[in-house]
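With mmCIF, C-alpha atoms inside, this is upload-v7.cif:
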data_target
loop_
_atom_site.label_atom_id
_atom_site.label_comp_id
_atom_site.auth_asym_id
_atom_site.auth_seq_id
_atom_site.Cartn_x
_atom_site.Cartn_y
_atom_site.Cartn_z
CA MET A 1 76.83 94.89 135.59
CA SER A 2 73.17 95.26 136.51
CA ASP A 3 73.48 93.52 139.89
CA ARG A 4 75.58 96.32 141.35
CA ALA A 5 75.78 100.07 141.04
CA PRO A 6 79.28 101.06 139.92
CA LEU A 7 80.58 104.60 140.31
CA VAL A 8 80.44 105.11 136.57
CA SER A 9 78.31 103.07 134.22
CA ASP A 10 79.87 100.94 131.48
CA HIS A 11 78.15 103.08 128.92
CA THR A 12 79.51 106.40 130.22
CA VAL A 13 83.04 104.98 130.25
CA GLU A 14 82.61 103.60 126.74
CA GLN A 15 81.31 106.91 125.46
CA LEU A 16 84.28 108.75 126.91
CA ILE A 17 86.66 106.18 125.41
CA GLY A 18 84.95 106.50 122.02
CA ARG A 19 85.46 110.29 122.03
CA LEU A 20 89.09 109.95 123.09
CA LEU A 21 89.70 107.44 120.30
CA GLN A 22 88.21 109.78 117.74
CA ILE A 23 90.47 112.60 118.94
CA GLY A 24 93.44 110.21 118.82
CA VAL A 25 92.66 109.29 115.21
CA LEU A 26 92.33 112.97 114.26
CA ILE A 27 95.70 113.82 115.86
CA ALA A 28 97.33 110.85 114.11
CA ALA A 29 95.76 111.86 110.79
CA ALA A 30 96.92 115.47 111.24
CA ILE A 31 100.54 114.38 111.90
CA THR A 32 100.33 112.08 108.86
CA VAL A 33 99.00 114.90 106.64
CA VAL A 34 101.88 117.18 107.67
CA GLY A 35 104.50 114.46 107.15
CA GLY A 36 102.88 113.25 103.94
CA THR A 37 102.81 116.74 102.41
CA LEU A 38 106.48 117.24 103.28
CA LEU A 39 107.29 113.80 101.88
CA LEU A 40 105.60 114.57 98.56
CA VAL A 41 107.29 117.98 98.31
CA GLN A 42 110.74 116.49 99.01
CA HIS A 43 110.50 113.10 97.29
CA GLY A 44 107.38 113.39 95.09
CA ARG A 45 109.31 113.35 91.80
CA ALA A 46 111.31 110.24 92.59
CA PRO A 47 110.33 107.12 90.61
CA VAL A 48 108.51 104.38 92.54
CA ASP A 49 110.02 100.95 93.15
CA TYR A 50 107.50 99.34 95.45
CA ASP A 51 107.23 96.18 93.38
CA VAL A 52 110.42 94.99 95.06
CA PHE A 53 110.39 94.49 98.82
CA ARG A 54 113.47 95.91 100.51
CA GLY A 55 112.04 96.64 103.93
CA GLU A 56 112.23 100.01 105.61
CA PRO A 57 115.53 101.48 106.84
CA SER A 58 116.17 100.66 110.48
CA TYR A 59 115.34 104.17 111.76
CA LEU A 60 111.75 103.74 110.52
CA ARG A 61 111.39 100.34 112.20
CA SER A 62 111.80 101.18 115.88
CA LEU A 63 109.86 103.57 118.07
CA SER A 64 113.02 105.36 119.25
CA GLY A 65 114.26 105.70 115.67
CA VAL A 66 110.93 107.14 114.49
CA PHE A 67 110.69 109.62 117.38
CA GLY A 68 114.30 110.76 116.92
CA ALA A 69 114.12 111.25 113.16
CA ALA A 70 110.69 112.91 113.33
CA TRP A 71 112.12 115.39 115.85
CA ARG A 72 114.86 116.22 113.34
CA GLY A 73 112.17 116.88 110.70
CA ASP A 74 112.57 113.79 108.50
CA SER A 75 109.34 113.67 106.46
CA ARG A 76 109.14 109.86 106.31
CA ALA A 77 109.63 109.64 110.07
CA ILE A 78 106.87 112.23 110.68
CA VAL A 79 104.45 110.10 108.64
CA GLN A 80 105.60 107.02 110.54
CA LEU A 81 105.05 108.87 113.83
CA GLY A 82 101.44 109.53 112.83
CA LEU A 83 101.03 105.84 111.96
CA VAL A 84 102.54 104.78 115.31
CA PHE A 85 100.03 107.08 117.06
CA LEU A 86 97.28 105.41 115.09
CA ILE A 87 98.47 101.89 115.95
CA ALA A 88 98.47 103.00 119.59
CA THR A 89 94.78 104.08 119.60
CA PRO A 90 93.28 100.57 120.03
CA ILE A 91 95.96 99.83 122.65
CA VAL A 92 94.87 102.94 124.59
CA ARG A 93 91.30 101.72 124.28
CA VAL A 94 92.25 98.40 125.89
CA ALA A 95 94.15 100.27 128.63
CA PHE A 96 91.02 102.34 129.43
CA THR A 97 88.94 99.16 129.45
CA LEU A 98 91.41 97.79 132.02
CA ILE A 99 90.87 100.84 134.24
CA ALA A 100 87.09 100.50 133.91
CA PHE A 101 87.20 96.84 135.00
CA ALA A 102 89.54 97.73 137.87
CA LEU A 103 87.08 100.41 139.08
CA GLN A 104 84.35 97.77 139.02
CA ARG A 105 86.65 95.42 141.00
CA ASP A 106 86.12 92.76 138.36
CA ARG A 107 89.23 90.61 138.90
CA VAL A 108 88.54 88.08 136.15
CA TYR A 109 88.25 90.76 133.49
CA VAL A 110 91.17 92.78 134.84
CA GLY A 111 93.18 89.58 134.26
CA VAL A 112 91.76 88.98 130.77
CA THR A 113 92.36 92.62 129.75
CA LEU A 114 95.92 92.51 131.11
CA ILE A 115 96.68 89.51 128.87
CA VAL A 116 95.40 91.38 125.78
CA LEU A 117 97.30 94.54 126.73
CA ALA A 118 100.53 92.60 127.30
CA LEU A 119 100.23 90.90 123.89
CA LEU A 120 99.63 94.24 122.15
CA LEU A 121 102.51 96.01 123.89
CA PHE A 122 104.79 93.08 123.13
CA GLY A 123 103.96 93.40 119.43
CA LEU A 124 104.41 97.18 119.28
CA LEU A 125 107.51 97.49 121.46
CA PHE A 126 109.48 94.42 120.45
CA GLY A 127 107.91 92.85 117.35
CA ILE A 128 108.75 89.25 116.49
CA ALA A 129 112.17 88.61 115.04
CA MET B 1 105.40 106.54 87.78
CA THR B 2 106.53 109.00 90.43
CA VAL B 3 105.91 108.88 94.16
CA LEU B 4 103.48 111.81 93.82
CA THR B 5 101.39 110.22 91.02
CA LEU B 6 101.17 106.92 92.86
CA ALA B 7 100.20 108.63 96.13
CA LEU B 8 97.36 110.52 94.42
CA LEU B 9 96.05 107.43 92.59
CA VAL B 10 96.30 105.27 95.72
CA ALA B 11 94.56 107.94 97.83
CA GLY B 12 91.71 108.11 95.31
CA GLY B 13 91.30 104.33 95.16
CA SER B 14 91.47 104.04 98.94
CA PHE B 15 88.83 106.77 99.30
CA GLY B 16 86.52 104.75 97.07
CA ALA B 17 87.26 101.57 99.03
CA GLY B 18 86.53 103.28 102.37
CA LEU B 19 83.34 104.86 101.01
CA LEU B 20 81.95 101.63 99.50
CA GLY B 21 83.05 99.66 102.55
CA ALA B 22 81.16 101.96 104.91
CA LEU B 23 78.05 102.21 102.71
CA THR B 24 77.74 98.45 102.23
CA GLY B 25 78.83 97.55 105.76
CA LEU B 26 81.38 95.12 104.35
CA GLY B 27 84.44 97.21 105.28
CA GLY B 28 86.91 98.61 102.78
CA GLY B 29 89.95 96.79 104.16
CA ILE B 30 89.31 93.69 102.11
CA VAL B 31 89.87 95.43 98.74
CA VAL B 32 92.89 97.59 99.70
CA VAL B 33 95.51 94.84 99.35
CA PRO B 34 94.18 93.54 95.99
CA MET B 35 94.02 97.13 94.70
CA LEU B 36 97.61 97.87 95.72
CA THR B 37 99.09 94.61 94.44
CA LEU B 38 97.00 93.99 91.28
CA LEU B 39 96.49 97.57 90.11
CA PHE B 40 99.59 99.39 91.34
CA HIS B 41 102.07 96.46 91.52
CA VAL B 42 103.01 97.18 95.12
CA ASP B 43 104.76 94.30 96.92
CA LEU B 44 102.30 92.25 99.00
CA ARG B 45 104.16 92.95 102.27
CA TYR B 46 103.98 96.75 101.87
CA ALA B 47 100.31 96.36 100.87
CA VAL B 48 99.47 94.31 103.97
CA GLY B 49 101.22 96.83 106.24
CA ALA B 50 99.39 99.81 104.71
CA SER B 51 96.04 98.02 104.77
CA LEU B 52 96.33 97.09 108.47
CA VAL B 53 96.99 100.73 109.36
CA SER B 54 93.85 101.80 107.45
CA VAL B 55 91.81 99.09 109.21
CA ILE B 56 92.87 100.56 112.58
CA ALA B 57 91.95 104.08 111.41
CA THR B 58 88.38 103.12 110.43
CA SER B 59 87.86 101.01 113.56
CA SER B 60 89.05 103.67 116.01
CA GLY B 61 87.43 106.49 114.01
CA ALA B 62 84.03 104.80 114.08
CA ALA B 63 84.23 103.85 117.77
CA ALA B 64 82.46 106.97 119.07
CA ALA B 65 79.50 106.49 116.73
CA PHE B 66 79.16 102.82 117.63
CA VAL B 67 79.46 103.43 121.35
CA ARG B 68 76.71 106.06 121.27
CA GLU B 69 74.27 103.37 120.17
CA GLY B 70 75.12 101.30 123.23
CA PHE B 71 75.34 97.84 121.67
CA THR B 72 78.97 96.88 122.31
CA ASN B 73 79.49 93.96 124.72
CA VAL B 74 82.91 94.87 126.12
CA ARG B 75 83.27 91.60 128.06
CA VAL B 76 82.64 89.44 125.00
CA GLY B 77 84.97 91.69 122.98
CA ILE B 78 87.90 91.65 125.36
CA LEU B 79 87.58 87.92 126.09
CA LEU B 80 87.62 87.06 122.37
CA GLU B 81 90.48 89.54 121.87
CA VAL B 82 92.74 87.09 123.70
CA ALA B 83 92.11 84.67 120.81
CA THR B 84 92.41 87.24 118.01
CA THR B 85 95.60 88.88 119.32
CA VAL B 86 97.32 85.51 119.86
CA GLY B 87 96.16 84.57 116.34
CA ALA B 88 97.41 87.88 114.94
CA LEU B 89 100.86 87.54 116.53
CA ILE B 90 101.17 83.95 115.25
CA GLY B 91 99.93 85.07 111.82
CA ALA B 92 102.51 87.87 111.76
CA ALA B 93 105.22 85.39 112.77
CA ILE B 94 104.40 82.90 109.99
CA ALA B 95 103.77 85.61 107.36
CA GLY B 96 107.53 85.93 106.85
CA PHE B 97 107.85 82.26 105.86
CA THR B 98 104.66 81.98 103.82
CA PRO B 99 105.21 82.15 100.04
CA THR B 100 103.46 85.09 98.34
CA SER B 101 101.64 82.73 95.97
CA ALA B 102 100.06 80.87 98.92
CA LEU B 103 98.92 84.17 100.43
CA ALA B 104 97.43 85.20 97.09
CA VAL B 105 95.42 81.96 96.86
CA LEU B 106 94.24 82.36 100.48
CA PHE B 107 93.25 85.94 99.70
CA GLY B 108 91.27 84.80 96.65
CA VAL B 109 89.35 82.28 98.77
CA VAL B 110 88.57 84.88 101.45
CA LEU B 111 87.38 87.36 98.78
CA PHE B 112 85.07 84.72 97.27
CA TYR B 113 83.69 83.90 100.70
CA THR B 114 83.06 87.61 101.32
CA ALA B 115 81.15 87.91 98.03
CA VAL B 116 79.01 84.87 98.85
CA ARG B 117 78.20 86.13 102.35
CA SER B 118 77.32 89.60 101.12
CA LEU B 119 74.75 88.27 98.64
CA ARG B 120 73.13 85.76 100.99
CA PRO B 121 70.24 87.36 102.90
CA ARG B 122 70.84 87.52 106.62
CA VAL B 123 68.60 85.25 108.67
CA GLU B 124 67.62 86.91 111.92
CA HIS B 125 67.86 84.44 114.81
CA THR B 126 65.85 84.73 117.98
CA VAL B 127 67.60 86.26 120.97
CA LEU B 128 68.49 83.59 123.53
CA THR B 129 67.85 83.96 127.20
CA THR B 130 68.54 80.40 128.36
CA PRO B 131 71.64 80.38 130.59
CA ASP B 132 74.84 78.75 129.38
CA GLU B 133 77.61 77.44 131.67
CA TRP B 134 80.53 79.38 130.12
CA SER B 135 78.48 82.49 129.59
CA SER B 136 77.28 82.60 133.19
CA ARG B 137 80.69 81.85 134.61
CA LEU B 138 82.29 84.61 132.52
CA ARG B 139 79.29 86.94 132.98
CA LEU B 140 78.89 87.53 129.27
CA ASP B 141 75.10 87.87 129.37
CA SER B 142 73.94 91.42 128.87
CA ASP B 143 71.13 93.46 127.34
CA TYR B 144 70.82 95.91 124.47
CA PRO B 145 68.45 98.74 123.56
CA THR B 146 65.49 97.96 121.30
CA PRO B 147 62.47 100.14 120.40
CA SER B 148 60.53 98.26 123.11
CA GLY B 149 63.10 98.77 125.87
CA ARG B 150 66.21 96.86 126.91
CA GLN B 151 66.29 93.28 125.71
CA PRO B 152 68.39 90.85 127.78
CA TYR B 153 70.35 88.19 125.91
CA SER B 154 72.47 85.17 126.71
CA VAL B 155 75.61 83.90 124.96
CA ARG B 156 76.33 80.28 124.00
CA ARG B 157 79.13 78.13 122.47
CA VAL B 158 81.88 80.34 123.88
CA PRO B 159 84.77 77.87 123.19
CA ALA B 160 83.71 77.48 119.53
CA GLY B 161 83.52 81.26 119.11
CA PHE B 162 86.94 81.58 120.73
CA GLY B 163 88.36 79.10 118.21
CA ILE B 164 86.94 80.95 115.19
CA MET B 165 88.32 84.21 116.59
CA PHE B 166 91.81 82.70 116.68
CA GLY B 167 91.44 81.95 112.96
CA ALA B 168 90.15 85.49 112.35
CA GLY B 169 93.29 86.85 114.05
CA VAL B 170 95.64 84.72 111.91
CA LEU B 171 93.83 85.77 108.70
CA SER B 172 93.87 89.43 109.74
CA ALA B 173 97.67 89.39 110.13
CA LEU B 174 98.42 87.30 107.03
CA LEU B 175 96.17 89.28 104.68
CA GLY B 176 96.05 92.73 106.27
CA ILE B 177 92.27 92.69 106.67
CA GLY B 178 89.92 93.37 109.59
CA SER B 179 88.30 89.90 109.34
CA GLY B 180 85.03 91.62 110.32
CA ILE B 181 82.86 89.14 108.42
CA LEU B 182 84.40 86.17 110.25
CA LYS B 183 84.11 87.97 113.59
CA VAL B 184 80.44 88.82 113.07
CA LEU B 185 79.83 85.24 111.88
CA ALA B 186 81.35 83.84 115.10
CA MET B 187 79.33 86.13 117.39
CA ASP B 188 76.04 86.28 115.47
CA GLN B 189 75.74 82.75 114.07
CA VAL B 190 77.81 80.66 116.50
CA MET B 191 77.55 82.45 119.85
CA GLY B 192 73.98 83.68 119.33
CA LEU B 193 74.60 87.36 120.08
CA PRO B 194 72.08 89.82 118.58
CA PHE B 195 73.29 91.06 115.19
CA LYS B 196 73.73 94.70 116.22
CA VAL B 197 75.76 93.66 119.25
CA SER B 198 77.90 91.44 117.00
CA THR B 199 78.69 94.17 114.47
CA THR B 200 79.56 96.87 117.03
CA THR B 201 81.61 94.48 119.18
CA SER B 202 83.35 93.36 115.99
CA ASN B 203 84.32 96.97 115.25
CA PHE B 204 85.89 97.22 118.72
CA MET B 205 87.81 94.01 118.12
CA ILE B 206 89.00 94.77 114.56
CA GLY B 207 91.24 97.67 115.63
CA VAL B 208 92.77 95.74 118.52
CA THR B 209 93.48 92.69 116.34
CA ALA B 210 95.06 94.81 113.60
CA ALA B 211 97.18 96.72 116.14
CA ALA B 212 98.77 93.46 117.33
CA SER B 213 100.15 92.54 113.90
CA ALA B 214 100.75 96.13 112.74
CA GLY B 215 103.16 96.58 115.66
CA VAL B 216 105.10 93.51 114.55
CA TYR B 217 105.10 94.63 110.91
CA LEU B 218 106.43 98.06 111.85
CA HIS B 219 109.52 96.38 113.32
CA ARG B 220 109.84 94.17 110.26
CA GLY B 221 109.83 97.10 107.84
CA TYR B 222 106.49 96.29 106.13
CA ILE B 223 105.03 99.73 106.87
CA ASP B 224 106.26 102.16 104.23
CA PRO B 225 105.26 105.77 104.96
CA ALA B 226 104.88 106.76 101.29
CA ILE B 227 102.37 103.94 100.62
CA ALA B 228 100.68 103.77 104.01
CA PHE B 229 99.80 107.46 104.28
CA PRO B 230 97.66 107.83 101.12
CA VAL B 231 95.96 104.50 101.92
CA MET B 232 95.22 105.44 105.52
CA LEU B 233 93.99 108.98 104.81
CA GLY B 234 91.99 107.86 101.76
CA VAL B 235 90.20 104.99 103.51
CA LEU B 236 89.55 107.10 106.62
CA ALA B 237 88.07 110.01 104.64
CA GLY B 238 85.96 107.61 102.55
CA ALA B 239 84.69 105.75 105.61
CA LEU B 240 83.80 108.97 107.47
CA LEU B 241 81.92 110.35 104.45
CA GLY B 242 80.22 106.97 103.97
CA ALA B 243 78.97 106.95 107.55
CA ARG B 244 77.53 110.45 107.02
CA ILE B 245 75.62 109.79 103.80
CA LEU B 246 74.60 106.24 104.74
CA THR B 247 70.91 107.08 105.19
CA ARG B 248 70.66 108.68 101.74
CA ALA B 249 72.39 105.91 99.81
CA ASN B 250 70.92 102.79 98.22
CA PRO B 251 72.81 99.92 99.88
CA GLN B 252 71.25 97.13 97.75
CA TRP B 253 72.59 98.56 94.51
CA LEU B 254 75.97 99.49 96.01
CA ARG B 255 76.26 96.04 97.56
CA LYS B 256 75.99 94.46 94.11
CA VAL B 257 78.65 96.82 92.70
CA PHE B 258 80.98 96.11 95.62
CA THR B 259 80.40 92.36 95.39
CA GLY B 260 81.19 92.50 91.65
CA ILE B 261 84.52 94.22 92.38
CA VAL B 262 85.31 91.64 95.07
CA VAL B 263 84.59 88.73 92.68
CA VAL B 264 86.86 90.19 89.96
CA MET B 265 89.62 90.65 92.53
CA ALA B 266 89.10 87.10 93.82
CA ILE B 267 89.55 85.62 90.34
CA GLU B 268 92.63 87.75 89.68
CA MET B 269 94.17 86.84 93.07
CA LEU B 270 93.60 83.10 92.54
CA TYR B 271 95.05 83.32 89.01
CA LYS B 272 98.14 85.19 90.21
CA GLY B 273 98.50 82.81 93.13
CA PHE B 274 98.35 79.64 91.05
CA THR B 275 100.65 81.00 88.35
CA GLY B 276 103.01 82.42 90.98
CA SER B 277 103.04 85.82 89.31
CA LEU B 278 102.35 88.05 92.30
#

Kindly return the structure encoded in the file as structure tokens.
Amino acid sequence: MSDRAPLVSDHTVEQLIGRLLQIGVLIAAAITVVGGTLLLVQHGRAPVDYDVFRGEPSYLRSLSGVFGAAWRGDSRAIVQLGLVFLIATPIVRVAFTLIAFALQRDRVYVGVTLIVLALLLFGLLFGIA
Amino acid sequence: MTVLTLALLVAGGSFGAGLLGALTGLGGGIVVVPMLTLLFHVDLRYAVGASLVSVIATSSGAAAAFVREGFTNVRVGILLEVATTVGALIGAAIAGFTPTSALAVLFGVVLFYTAVRSLRPRVEHTVLTTPDEWSSRLRLDSDYPTPSGRQPYSVRRVPAGFGIMFGAGVLSALLGIGSGILKVLAMDQVMGLPFKVSTTTSNFMIGVTAAASAGVYLHRGYIDPAIAFPVMLGVLAGALLGARILTRANPQWLRKVFTGIVVVMAIEMLYKGFTGSL
């Protein structure tokens, strides 16, 4: 870090990433507010039954299902879309960290960051059966 | 109770949790699951899913503020993330087979530990500058801003810290918490990082750890939109407000209130766990 002069300093990169993350959270929250309002308008009067675990319907459990149903205007799927965006924000942060290490030609940390990124993407894209 | 009533009550409770969590520095994530299960009788799996999402929201939302201060050690964070994400994925895998009563007991123990740690005064250790084999090899040594200029520091006991982080990852997935206290403990007490570096690096790590298991839980149907959205928005709004009014609040008094709530929840969780009534 201090023994060489990289194109961009660690701190500048981190600051940029921090801003981007904040914007990401705001976008995710905005989508969730829209979906949540719709959800309460459409299903707000239904009685709750969350004391029994049934698991979500399959369209709310996969990324393709969430995107498809949100596009069709399903309120639950729009909320879920916002939550997926939110889950993606730390993953984006790790991806930017990877780029920063690559720009610094730091092979060890490019490797370490790739492992973390692979684990995160595995969890989000496939889950564990 | 209707979906609307529950959403409003849960949003209010989550707002309070986020606010107190930010003002006391203990994080609101730890009380979200007990609130949902004990107070609103939400199934533990839905509660864990919703709580993890709120943990990600506060971590990512606070990132810009933390980064501005310039304390985060990205190398330490990303290296230890290998341990926490592996732990989180394993935790998410075993969560499906773990009986609810066992999780409730574990939660009670973690809540008690949190209460004890929050009351114990923090002992400031001296910043280390003696080189350590692992730390030099992995170039973890760095410096951080102090009133008297940049202070260099060295890191020690990397393998031990790595091990604790694995445990923090498992706990985060099983209980839907950020495990911030355990993460700070590993970096501050075990690895000898300066406290401010430990807390900001922990914030970076909390979101990444929670994202690993939240992804898995999404596929397993633990994340219910109608529960997760009031929790997420409530905690996020509370945490953002808390960060704003932090300088005007009295943390000592609030800390005692928060600790009291945590102790009551710990007792209730242990009772429900041992009687198998959760």

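Here the question is which of B:Ile78, B:Asp224, B:Leu26, B:Gly180 gets nearest to Phe96 of chain A using only C-alpha atoms, and that residue is B:Ile78.
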
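Distances from B:Ile267, B:Gly221, B:Phe107, B:Val74 to Tyr59 of chain A were compared using only C-alpha atoms, and the smallest one belongs to B:Gly221.
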
Problem set entry | Residue hits in chain B, query chain A, radius 7 Å, only C-alpha atoms, as a PyMOL selection string | chain B and resi 1-4+41-43+53+56-57+60-61+63-64+67-68+70+78-79+81-82+85+93+207-208+211-216+218-222+224-225+229+233

Problem set entry | Residues within 7 Å of Val231 of chain B, only C-alpha atoms, excluding chain neighbours under 6 positions, as an MDAnalysis selection string | chainID B and resid 10:11 14 50 54

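Residues within 10 Å of Tyr271 of chain B, counting all atoms listed in the file and excluding same-chain residues fewer than 4 positions away, are Ser101, Ala104, Val105, Gly108, Met265, Ala266, Ile267, Thr275, Gly276, Ser277 and Leu278 of chain B.
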
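Relative to atom CA of Arg255 of chain B, atom CA of Gly242 of chain B is found at 13.3 Å.
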
Listed atoms of segment 203-221 of chain B boxed axis-aligned with 3 Å per side, centre + edges as lines of an AutoDock Vina configuration file:
center_x = 97.1
center_y = 95.3
center_z = 113.3
size_x = 31.5
size_y = 11.5
size_z = 16.9

Exercise. How would you write, as a ChimeraX atom specification, the residues chosen by the PyMOL selection byres ((chain B and resi 262) around 8) on this structure?
Worked result: /B:31,111-112,114-115,258-261,263-266

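Atom pair atom CA of Pro230 of chain B / atom CA of Ser172 of chain B: separated by 20.7 Å.
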